[in-house]
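S.K.: Okay, so here is structure.cif, and as you'll see once you scroll down, it has mmCIF, C-alpha atoms and all ligand atoms.
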data_entry
loop_
_atom_site.label_atom_id
_atom_site.label_comp_id
_atom_site.auth_asym_id
_atom_site.auth_seq_id
_atom_site.Cartn_x
_atom_site.Cartn_y
_atom_site.Cartn_z
CA MET I 1 0.00 0.00 0.00
CA SER I 2 1.34 3.45 -0.90
CA ASN I 3 1.29 6.20 1.71
CA ARG I 4 1.60 8.98 -0.86
CA ALA I 5 -0.84 11.89 -0.60
CA PRO I 6 -3.28 12.62 -3.42
CA ALA I 7 -1.51 14.76 -6.02
CA PRO I 8 -3.17 17.36 -8.23
CA GLN I 9 -2.54 17.46 -11.97
CA PRO I 10 0.73 19.01 -13.25
CA GLY I 11 0.61 22.80 -13.22
CA ILE I 12 -1.96 23.20 -10.45
CA LEU I 13 0.60 23.83 -7.72
CA ASP I 14 2.33 26.42 -9.94
CA ILE I 15 -0.76 28.62 -9.70
CA SER I 16 -0.48 31.69 -7.50
CA PRO I 17 -4.09 32.08 -6.34
CA TYR I 18 -5.83 35.17 -7.77
CA VAL I 19 -5.82 37.94 -5.19
CA PRO I 20 -8.92 40.13 -5.59
CA GLY I 21 -8.76 43.89 -5.07
CA GLU I 22 -8.80 44.73 -1.37
CA SER I 23 -12.03 46.09 0.06
CA SER I 24 -11.32 47.36 3.56
CA VAL I 25 -8.85 49.58 5.36
CA PRO I 26 -7.77 49.41 8.99
CA GLY I 27 -9.52 51.49 11.64
CA GLY I 28 -13.11 50.84 10.59
CA VAL I 29 -13.03 53.86 8.24
CA LYS I 30 -15.42 53.59 5.25
CA ALA I 31 -13.10 52.87 2.38
CA ILE I 32 -13.09 54.45 -1.06
CA LYS I 33 -12.70 51.21 -2.98
CA LEU I 34 -11.33 51.71 -6.46
CA SER I 35 -9.55 48.39 -6.72
CA SER I 36 -11.80 46.11 -8.81
CA ASN I 37 -13.05 48.22 -11.73
CA GLU I 38 -16.61 48.18 -10.41
CA THR I 39 -18.95 50.92 -11.60
CA PRO I 40 -19.43 53.83 -9.19
CA LEU I 41 -23.05 54.14 -10.40
CA GLY I 42 -24.16 50.68 -9.30
CA PRO I 43 -26.62 48.60 -11.30
CA SER I 44 -29.84 49.77 -12.97
CA ALA I 45 -32.73 50.13 -10.50
CA LYS I 46 -34.66 47.86 -12.88
CA ALA I 47 -32.02 45.14 -12.50
CA ILE I 48 -32.24 45.37 -8.73
CA ALA I 49 -36.05 45.05 -8.90
CA ALA I 50 -35.79 42.01 -11.20
CA TYR I 51 -33.25 40.45 -8.84
CA LYS I 52 -35.55 40.99 -5.84
CA ALA I 53 -38.54 39.50 -7.65
CA GLU I 54 -36.64 36.21 -7.91
CA ALA I 55 -36.72 35.87 -4.13
CA ASP I 56 -40.09 34.13 -4.43
CA HIS I 57 -38.61 31.35 -6.57
CA LEU I 58 -35.46 30.31 -4.77
CA ALA I 59 -36.54 26.68 -4.37
CA GLU I 60 -36.60 26.20 -8.13
CA TYR I 61 -33.61 25.38 -10.30
CA PRO I 62 -32.77 28.06 -12.84
CA ASP I 63 -33.31 27.57 -16.57
CA GLY I 64 -30.11 25.68 -17.36
CA GLY I 65 -30.02 27.11 -20.86
CA ALA I 66 -30.47 30.75 -19.70
CA THR I 67 -32.84 30.90 -22.68
CA ARG I 68 -34.44 34.29 -21.97
CA LEU I 69 -31.12 35.92 -21.25
CA ARG I 70 -29.53 34.55 -24.42
CA ALA I 71 -32.57 35.73 -26.36
CA ALA I 72 -32.23 39.22 -24.86
CA ILE I 73 -28.51 39.39 -25.70
CA ALA I 74 -29.18 38.07 -29.21
CA ALA I 75 -31.93 40.64 -29.79
CA LEU I 76 -29.79 43.54 -28.57
CA TYR I 77 -26.78 42.72 -30.74
CA GLY I 78 -28.42 40.88 -33.64
CA LEU I 79 -26.80 37.52 -32.81
CA ASP I 80 -27.69 33.86 -33.07
CA PRO I 81 -28.82 32.84 -29.54
CA ASN I 82 -27.63 29.27 -30.15
CA ARG I 83 -24.06 30.53 -30.31
CA ILE I 84 -24.23 32.38 -26.99
CA VAL I 85 -23.00 30.59 -23.87
CA CYS I 86 -23.57 32.20 -20.47
CA GLY I 87 -21.26 31.70 -17.53
CA CYS I 88 -20.80 32.37 -13.85
CA GLY I 89 -18.81 35.50 -14.68
CA SER I 90 -16.48 35.58 -17.64
CA ASP I 91 -13.96 33.98 -15.28
CA GLU I 92 -15.91 30.74 -15.60
CA LEU I 93 -15.94 31.04 -19.38
CA ILE I 94 -12.15 31.53 -19.43
CA ASN I 95 -11.79 28.37 -17.34
CA LEU I 96 -14.24 26.37 -19.46
CA ILE I 97 -12.46 27.34 -22.67
CA ALA I 98 -9.07 26.41 -21.21
CA HIS I 99 -10.47 23.16 -19.82
CA ALA I 100 -11.98 22.20 -23.17
CA TYR I 101 -9.11 23.16 -25.47
CA ILE I 102 -5.87 22.81 -23.48
CA GLY I 103 -4.24 19.61 -22.29
CA PRO I 104 -0.82 18.68 -20.95
CA GLY I 105 1.91 20.19 -23.14
CA ASP I 106 -0.42 22.57 -24.99
CA GLU I 107 0.31 26.27 -24.93
CA ALA I 108 -1.83 29.36 -24.38
CA VAL I 109 -0.42 32.69 -25.46
CA TYR I 110 -1.36 35.98 -23.78
CA THR I 111 0.31 39.35 -23.39
CA GLU I 112 2.88 40.22 -20.75
CA HIS I 113 0.53 42.38 -18.67
CA GLY I 114 -2.62 40.52 -19.71
CA PHE I 115 -5.48 39.59 -17.36
CA LEU I 116 -4.22 37.10 -14.76
CA MET I 117 -6.96 34.52 -15.23
CA TYR I 118 -5.47 33.41 -18.56
CA LYS I 119 -2.36 32.09 -16.85
CA ILE I 120 -4.35 30.53 -13.99
CA ALA I 121 -6.79 28.79 -16.34
CA THR I 122 -3.96 27.49 -18.52
CA LEU I 123 -2.07 26.03 -15.57
CA SER I 124 -5.34 24.53 -14.26
CA SER I 125 -5.54 22.57 -17.48
CA SER I 126 -1.89 21.45 -17.19
CA GLY I 127 -1.00 23.66 -20.14
CA LYS I 128 1.96 25.95 -20.60
CA PRO I 129 1.33 29.69 -20.22
CA VAL I 130 3.26 31.71 -22.80
CA PRO I 131 3.37 35.42 -21.96
CA VAL I 132 4.45 37.66 -24.85
CA PRO I 133 6.13 41.08 -24.47
CA GLU I 134 3.98 44.16 -25.08
CA THR I 135 5.06 47.40 -26.73
CA ALA I 136 4.34 50.53 -24.69
CA TYR I 137 1.95 48.49 -22.52
CA ARG I 138 -0.06 47.46 -25.57
CA ALA I 139 -0.45 44.02 -27.17
CA ASP I 140 2.03 43.59 -30.01
CA VAL I 141 0.56 41.52 -32.84
CA ASP I 142 3.91 40.66 -34.41
CA ALA I 143 5.34 39.55 -31.05
CA ILE I 144 2.26 37.36 -30.45
CA LEU I 145 2.42 35.77 -33.89
CA LYS I 146 6.12 35.05 -33.41
CA ARG I 147 5.31 32.94 -30.34
CA VAL I 148 2.44 31.01 -31.87
CA GLY I 149 3.43 27.50 -32.87
CA PRO I 150 1.95 24.04 -33.38
CA LYS I 151 1.30 23.66 -29.64
CA THR I 152 -0.61 26.94 -29.33
CA LYS I 153 -4.25 26.06 -28.72
CA ILE I 154 -5.47 29.46 -27.52
CA VAL I 155 -4.47 33.11 -27.84
CA PHE I 156 -6.15 35.15 -25.10
CA LEU I 157 -6.43 38.87 -25.75
CA ALA I 158 -8.14 41.27 -23.35
CA ASN I 159 -9.24 44.18 -25.50
CA PRO I 160 -9.12 46.65 -23.82
CA ASN I 161 -6.62 45.07 -21.50
CA ASN I 162 -6.80 45.05 -17.74
CA PRO I 163 -4.73 46.47 -15.99
CA THR I 164 -3.10 48.62 -18.70
CA GLY I 165 -6.28 50.12 -20.22
CA THR I 166 -4.79 49.99 -23.73
CA TYR I 167 -6.55 48.52 -26.75
CA LEU I 168 -5.88 47.08 -30.18
CA PRO I 169 -7.74 48.65 -33.11
CA HIS I 170 -9.91 46.23 -35.04
CA GLU I 171 -7.53 46.13 -38.00
CA GLU I 172 -4.79 44.87 -35.68
CA VAL I 173 -7.09 42.23 -34.21
CA ARG I 174 -7.95 41.11 -37.73
CA ARG I 175 -4.25 40.94 -38.61
CA LEU I 176 -3.69 38.84 -35.49
CA HIS I 177 -6.50 36.48 -36.47
CA LYS I 178 -5.21 36.23 -40.03
CA GLY I 179 -1.79 35.12 -38.79
CA LEU I 180 -3.17 32.30 -36.62
CA PRO I 181 -3.51 28.69 -37.72
CA SER I 182 -7.16 27.66 -38.12
CA ASN I 183 -6.91 25.29 -35.14
CA THR I 184 -5.79 28.01 -32.71
CA LEU I 185 -8.68 29.66 -30.87
CA LEU I 186 -8.54 33.45 -30.58
CA VAL I 187 -10.35 34.50 -27.38
CA LEU I 188 -11.24 38.19 -27.37
CA ASP I 189 -12.08 39.26 -23.84
CA ALA I 190 -14.12 42.44 -24.18
CA ALA I 191 -14.99 42.94 -20.50
CA TYR I 192 -14.63 46.74 -20.83
CA CYS I 193 -15.81 47.23 -24.40
CA GLU I 194 -18.85 49.34 -23.49
CA TYR I 195 -16.54 52.06 -22.18
CA VAL I 196 -14.47 52.34 -25.36
CA ARG I 197 -15.16 55.42 -27.46
CA ARG I 198 -12.86 54.93 -30.44
CA ASN I 199 -13.92 54.61 -34.07
CA ASP I 200 -11.28 51.99 -34.81
CA TYR I 201 -12.36 49.64 -32.00
CA GLU I 202 -14.65 46.63 -32.19
CA ALA I 203 -15.33 44.08 -29.48
CA GLY I 204 -15.06 41.22 -31.97
CA LEU I 205 -18.63 40.16 -32.85
CA GLU I 206 -17.98 40.44 -36.55
CA LEU I 207 -14.85 38.30 -36.34
CA VAL I 208 -16.80 35.63 -34.42
CA ALA I 209 -19.57 35.74 -37.02
CA THR I 210 -17.19 35.30 -39.93
CA THR I 211 -14.56 32.86 -38.62
CA GLU I 212 -14.55 29.43 -37.04
CA ASN I 213 -11.86 30.05 -34.43
CA THR I 214 -12.75 33.28 -32.63
CA VAL I 215 -14.67 33.64 -29.36
CA MET I 216 -15.70 36.95 -27.79
CA MET I 217 -16.47 37.25 -24.09
CA ARG I 218 -18.46 39.89 -22.24
CA THR I 219 -19.36 40.50 -18.62
CA PHE I 220 -22.16 42.03 -16.56
CA SER I 221 -19.64 42.80 -13.79
CA LYS I 222 -18.35 46.11 -15.10
CA ILE I 223 -20.60 48.67 -16.79
CA TYR I 224 -23.77 46.81 -15.75
CA GLY I 225 -22.75 46.84 -12.09
CA LEU I 226 -23.71 43.22 -11.39
CA ALA I 227 -20.34 41.82 -10.26
CA ALA I 228 -21.87 40.18 -7.18
CA LEU I 229 -24.21 38.09 -9.32
CA ARG I 230 -21.38 36.60 -11.42
CA LEU I 231 -22.65 36.77 -14.98
CA GLY I 232 -20.81 36.71 -18.29
CA TRP I 233 -21.40 35.46 -21.81
CA ALA I 234 -19.44 34.31 -24.80
CA TYR I 235 -20.32 34.51 -28.49
CA CYS I 236 -18.84 31.48 -30.21
CA PRO I 237 -18.67 29.54 -33.44
CA ALA I 238 -21.41 26.87 -33.29
CA ALA I 239 -18.86 24.08 -32.73
CA VAL I 240 -17.26 25.93 -29.79
CA ALA I 241 -20.67 26.69 -28.23
CA ASP I 242 -21.44 22.98 -28.48
CA VAL I 243 -18.19 22.12 -26.68
CA LEU I 244 -18.72 24.67 -23.89
CA ASN I 245 -22.29 23.47 -23.36
CA ARG I 246 -20.94 19.95 -22.82
CA VAL I 247 -18.43 20.95 -20.15
CA ARG I 248 -20.27 23.68 -18.24
CA GLY I 249 -22.33 22.92 -15.18
CA PRO I 250 -26.00 22.32 -16.07
CA PHE I 251 -27.13 25.27 -13.90
CA ASN I 252 -24.03 27.46 -14.03
CA VAL I 253 -26.02 30.72 -14.08
CA THR I 254 -28.54 31.50 -11.33
CA SER I 255 -32.13 32.72 -11.76
CA PRO I 256 -31.52 36.07 -9.97
CA ALA I 257 -28.53 36.67 -12.27
CA ILE I 258 -30.57 35.81 -15.38
CA ALA I 259 -33.43 38.11 -14.32
CA ALA I 260 -31.16 41.00 -13.36
CA GLY I 261 -29.11 40.55 -16.54
CA ILE I 262 -32.18 40.80 -18.77
CA ALA I 263 -33.39 43.95 -16.98
CA ALA I 264 -29.91 45.49 -17.06
CA LEU I 265 -29.58 44.93 -20.79
CA ALA I 266 -32.92 46.64 -21.38
CA ASP I 267 -31.97 49.77 -19.42
CA ARG I 268 -29.87 51.47 -22.10
CA ALA I 269 -30.26 54.85 -20.38
CA HIS I 270 -28.36 53.51 -17.37
CA VAL I 271 -25.55 52.24 -19.59
CA GLU I 272 -25.38 55.60 -21.37
CA THR I 273 -25.17 57.41 -18.03
CA ALA I 274 -22.29 55.16 -17.01
CA VAL I 275 -20.47 55.80 -20.28
CA ALA I 276 -21.00 59.56 -19.94
CA HIS I 277 -19.69 59.46 -16.37
CA ASN I 278 -16.57 57.69 -17.54
CA GLU I 279 -16.15 60.05 -20.49
CA ARG I 280 -16.22 62.95 -18.06
CA TRP I 281 -13.93 61.56 -15.37
CA LEU I 282 -11.41 59.33 -17.18
CA PRO I 283 -9.80 62.33 -18.95
CA TRP I 284 -10.01 64.47 -15.83
CA VAL I 285 -8.34 61.89 -13.59
CA SER I 286 -5.66 61.16 -16.21
CA ALA I 287 -4.88 64.86 -16.69
CA GLU I 288 -4.83 65.69 -12.97
CA LEU I 289 -2.50 62.78 -12.19
CA LYS I 290 -0.17 63.84 -14.97
CA LYS I 291 -0.09 67.37 -13.54
CA LEU I 292 1.26 65.81 -10.35
CA GLY I 293 4.21 64.42 -12.32
CA LEU I 294 2.83 60.86 -12.47
CA GLU I 295 2.94 58.84 -15.65
CA VAL I 296 -0.47 57.51 -16.68
CA THR I 297 -0.91 54.95 -19.46
CA PRO I 298 -3.60 56.27 -21.85
CA SER I 299 -6.72 54.21 -21.07
CA VAL I 300 -9.96 53.51 -22.91
CA GLY I 301 -11.48 51.58 -19.98
CA ASN I 302 -12.95 52.64 -16.63
CA PHE I 303 -9.56 52.61 -14.91
CA VAL I 304 -6.07 54.02 -15.26
CA LEU I 305 -2.63 52.54 -14.72
CA ILE I 306 -0.50 54.95 -12.71
CA HIS I 307 3.30 54.66 -12.78
CA PHE I 308 5.16 55.94 -9.73
CA PRO I 309 8.70 57.33 -9.43
CA LYS I 310 11.29 54.69 -8.56
CA GLU I 311 12.66 56.63 -5.55
CA LYS I 312 12.13 55.14 -2.13
CA GLY I 313 9.20 56.76 -0.37
CA ARG I 314 7.67 57.79 -3.70
CA ASP I 315 7.17 54.36 -5.24
CA ALA I 316 3.91 52.44 -5.76
CA ALA I 317 4.19 50.52 -2.48
CA SER I 318 4.63 53.77 -0.53
CA ALA I 319 1.76 55.40 -2.42
CA ASP I 320 -0.46 52.42 -1.67
CA GLU I 321 0.32 52.66 2.04
CA PHE I 322 -0.21 56.44 2.02
CA LEU I 323 -3.58 56.12 0.31
CA LYS I 324 -4.78 53.26 2.51
CA ALA I 325 -3.99 55.30 5.61
CA ARG I 326 -6.49 57.80 4.16
CA GLY I 327 -9.12 55.15 3.43
CA ILE I 328 -8.41 54.90 -0.31
CA ILE I 329 -7.86 51.49 -1.90
CA LEU I 330 -6.32 51.26 -5.36
CA ARG I 331 -5.01 48.02 -6.87
CA ARG I 332 -1.43 46.81 -6.53
CA VAL I 333 -0.51 45.18 -9.83
CA ALA I 334 2.86 43.57 -9.08
CA ALA I 335 1.33 40.19 -9.98
CA TYR I 336 0.83 41.59 -13.50
CA GLY I 337 4.54 42.38 -13.82
CA LEU I 338 3.92 46.03 -12.87
CA PRO I 339 5.51 46.34 -9.41
CA ASN I 340 5.76 50.11 -9.49
CA CYS I 341 2.22 50.87 -10.64
CA LEU I 342 -1.21 51.15 -9.08
CA ARG I 343 -4.45 50.74 -10.98
CA MET I 344 -7.23 53.17 -10.14
CA THR I 345 -10.87 52.57 -11.08
CA ILE I 346 -12.72 55.74 -12.08
CA GLY I 347 -14.98 56.48 -9.13
CA THR I 348 -17.63 59.00 -8.21
CA GLU I 349 -16.81 62.68 -8.51
CA SER I 350 -15.88 62.84 -4.83
CA ASP I 351 -13.84 59.59 -5.00
CA ASN I 352 -11.85 60.96 -7.92
CA HIS I 353 -11.20 64.26 -6.13
CA ALA I 354 -10.18 62.36 -3.00
CA VAL I 355 -7.57 60.30 -4.88
CA VAL I 356 -6.15 63.27 -6.74
CA GLY I 357 -6.03 65.29 -3.51
CA ALA I 358 -4.28 62.50 -1.60
CA LEU I 359 -1.78 61.81 -4.38
CA SER I 360 -1.09 65.52 -4.62
CA GLN I 361 -0.10 65.43 -0.95
CA PHE I 362 1.88 62.24 -1.55
CA MET I 363 3.85 63.83 -4.36
CA GLY I 364 4.56 66.79 -2.08
CA ARG I 365 2.78 69.32 -4.22
CA SER I 366 0.48 70.82 -1.63
C1 LIG I 401 -10.22 41.58 -18.72
C2 LIG I 401 -11.15 40.91 -17.76
N1 LIG I 401 -11.76 39.79 -18.13
C3 LIG I 401 -12.60 39.15 -17.31
C4 LIG I 401 -12.85 39.62 -16.04
C5 LIG I 401 -13.73 38.81 -15.15
O1 LIG I 401 -14.99 39.27 -15.12
P1 LIG I 401 -16.17 38.47 -14.43
O2 LIG I 401 -16.53 39.26 -13.21
O3 LIG I 401 -17.24 38.45 -15.46
O4 LIG I 401 -15.69 37.11 -14.08
C6 LIG I 401 -12.25 40.79 -15.60
C7 LIG I 401 -12.49 41.28 -14.23
O5 LIG I 401 -11.74 41.98 -13.65
C8 LIG I 401 -11.37 41.45 -16.49
O6 LIG I 401 -10.74 42.55 -16.09
#
Using structure tokens, write down the structure from this file.

M.R.:
Amino acid sequence: MSNRAPAPQPGILDISPYVPGESSVPGGVKAIKLSSNETPLGPSAKAIAAYKAEADHLAEYPDGGATRLRAAIAALYGLDPNRIVCGCGSDELINLIAHAYIGPGDEAVYTEHGFLMYKIATLSSSGKPVPVPETAYRADVDAILKRVGPKTKIVFLANPNNPTGTYLPHEEVRRLHKGLPSNTLLVLDAAYCEYVRRNDYEAGLELVATTENTVMMRTFSKIYGLAALRLGWAYCPAAVADVLNRVRGPFNVTSPAIAAGIAALADRAHVETAVAHNERWLPWVSAELKKLGLEVTPSVGNFVLIHFPKEKGRDAASADEFLKARGIILRRVAAYGLPNCLRMTIGTESDNHAVVGALSQFMGRS
């Protein structure tokens, strides 16, 4: 009889568990939490009402096919509902895709400062994560294509990327797709697409509609303000949707999430208000931080990546400590290969003023 302990699959113990943005500060002070790219406006009141109405039906299993939600998404964007797969957050969809398409020895390519879940999901499937250098904190199509080989099963691209806030114009995404072998899946993670106001940007729906190896993912956690309900969706080629429907849990999306998601999608005025809020405050925050002598990577999302001076006492770790002592929580992004940066979510007017005021003190300008 062996006395060896149960061993997980190769790769699992190489995973550094995902550390979510912090949510509290010492001293019982109410924190200004700008660490998880949540919307400062909250969800639509109609989504909250739809969520509450589900309280009378908690004994019943949800519709495993999320049929009404998929129909609502399909109607809004003009899509085929059979090619939409909903998930418990887009995190689940990332995991399902990795689980279904990566095995031991297979590779998944993503960019140097790309969203952390790509590496975690790849290692969970005993695959090899292949990070590719970025240029000026932006995905570099040529660098990605150079690293794609026969073992590359997936290329993950967050567009816009978290935590950098940069994006690839559609022509570049097309060029990336064109350079991939037909058996490599291009996963376009468009978690922040609603915030992007650029004529040369597309989330990827057209590429999914016209190719057999592109998936686009979206989330209700950001602009829709439903992060607590865990709801995301993917638009897929029919064959990929079929695969994901085989591996997902039969009830992976809950009834309150489905109901709130449908109501949230219908409230376009709320989405427009959130976009307008971001349009007003993203440039203001970026400009004010630059006036303080901080470098800010130009962002098209609802957050900015702030680069701190390298001097001791002025670096990102010191800034983080300084801000937390004042009840302000930004996101450390060392795990993304950005040890001297903090990521700030665009908050309410008063949140934004509070951060700029505190960083102004930190930089010794006031
Ligand atoms: C690029 C990107 N993709 C996916 C997610 C995960 O979103 P969800 O809450 O839908 O799992 C996030 C959340 O931070 C993200 O930044």

S.K.: Counting only C-alpha atoms, what is within 7 Å of range 156-170 of chain I, bar same-chain residues fewer than 2 positions away, as an NGL selection string?

M.R.: :I and (109-110 or 114-115 or 118 or 137-139 or 154 or 172-174 or 186-190 or 192-193 or 200-202 or 297-301 or 303-305 or 343)

S.K.: Using only C-alpha atoms, find each residue in range 113-232 of chain I having at least one atom no more than 10 Å away from range 277-294 of chain I; report its shortest atom-to-atom pair and that distance in Å (one decimal), rows by chain then rising number, as a Markdown table.

M.R.:
| residue | atom | partner | partner_atom | distance |
| --- | --- | --- | --- | --- |
| I:Tyr195 | CA | I:Asn278 | CA | 7.3 |
| I:Val196 | CA | I:Glu279 | CA | 9.3 |
| I:Arg197 | CA | I:Glu279 | CA | 8.4 |
| I:Ile223 | CA | I:Asn278 | CA | 9.9 |

S.K.: I'd like to know which of I:Leu69, I:Ala260, I:Ile144, I:Ala234 is closest to ligand LIG 401 (chain I), using all atoms listed in the file.

M.R.: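 Going through I:Leu69, I:Ala260, I:Ile144, I:Ala234 one by one, the smallest distance to ligand LIG 401 (chain I) is for I:Ala234.
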
S.K.: Find the distance between CA of Lys146 in chain I and CA of Ile97 in chain I and write it in Å to one decimal.

M.R.: 22.8 Å

S.K.: Residues within 7 Å of ligand LIG 401 (chain I) should be enumerated using all atoms listed in the file and returned as a list in words.

M.R.: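 Checking all atoms listed in the file against ligand LIG 401 (chain I) at 7 Å gives Ser36, Asn37, Cys88, Gly89, Ser90, Asp91, Glu92, Phe115, Ala158, Asn161, Asn162, Asp189, Ala190, Ala191, Thr219, Phe220, Ser221, Ala227, Arg230, Leu231 and Gly232 of chain I.
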
S.K.: Have a look at I:Tyr18, I:Tyr77, I:Tyr101, I:Tyr336 and name the one nearest to Gly127 in chain I; count all atoms listed in the file.

M.R.: I:Tyr101

S.K.: In terms of the shortest atom-to-atom distance over only C-alpha atoms, which of I:Gly179, I:Pro237, I:Pro26, I:Pro20 is closest to Leu116 in chain I?

M.R.: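 When distances to Leu116 in chain I are compared using only C-alpha atoms, the smallest one comes from I:Pro20.
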
S.K.: Find the distance between CA of His57 in chain I and CA of Asn252 in chain I and write it in Å to one decimal.

M.R.: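 Atom-to-atom, CA of His57 in chain I and CA of Asn252 in chain I are spaced 16.8 Å apart.
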
S.K.: To one decimal in Å, tell me the separation between CA of Gly87 in chain I and CA of Leu41 in chain I.

M.R.: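 According to the coordinates, CA of Gly87 in chain I and CA of Leu41 in chain I are separated by 23.6 Å.
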
S.K.: Skip Glu311 in chain I itself and residues of its chain fewer than 6 positions away, then list as a list of chain:residue names all residues within 12 Å of it, counting only C-alpha atoms.

M.R.: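 My list of contacting residues is I:Ala317, I:Ser318, I:Ala319, I:Asn340, I:Met363.
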
S.K.: Next, write the just-selected residues to a file, as a PDB file, in the coordinates of the input, keeping C-alpha atoms as the atom set.

M.R.:
ATOM      1  CA  ALA I 317       4.190  50.520  -2.480  1.00  0.00           C
ATOM      2  CA  SER I 318       4.630  53.770  -0.530  1.00  0.00           C
ATOM      3  CA  ALA I 319       1.760  55.400  -2.420  1.00  0.00           C
ATOM      4  CA  ASN I 340       5.760  50.110  -9.490  1.00  0.00           C
ATOM      5  CA  MET I 363       3.850  63.830  -4.360  1.00  0.00           C
TER       6      MET I 363
END

S.K.: Select, from I:Asp320, I:Glu22, I:Asp63, I:Asp106, the residue with the minimum atom-to-atom distance to Leu359 in chain I, counting only C-alpha atoms.

M.R.: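 Closest candidate: I:Asp320.
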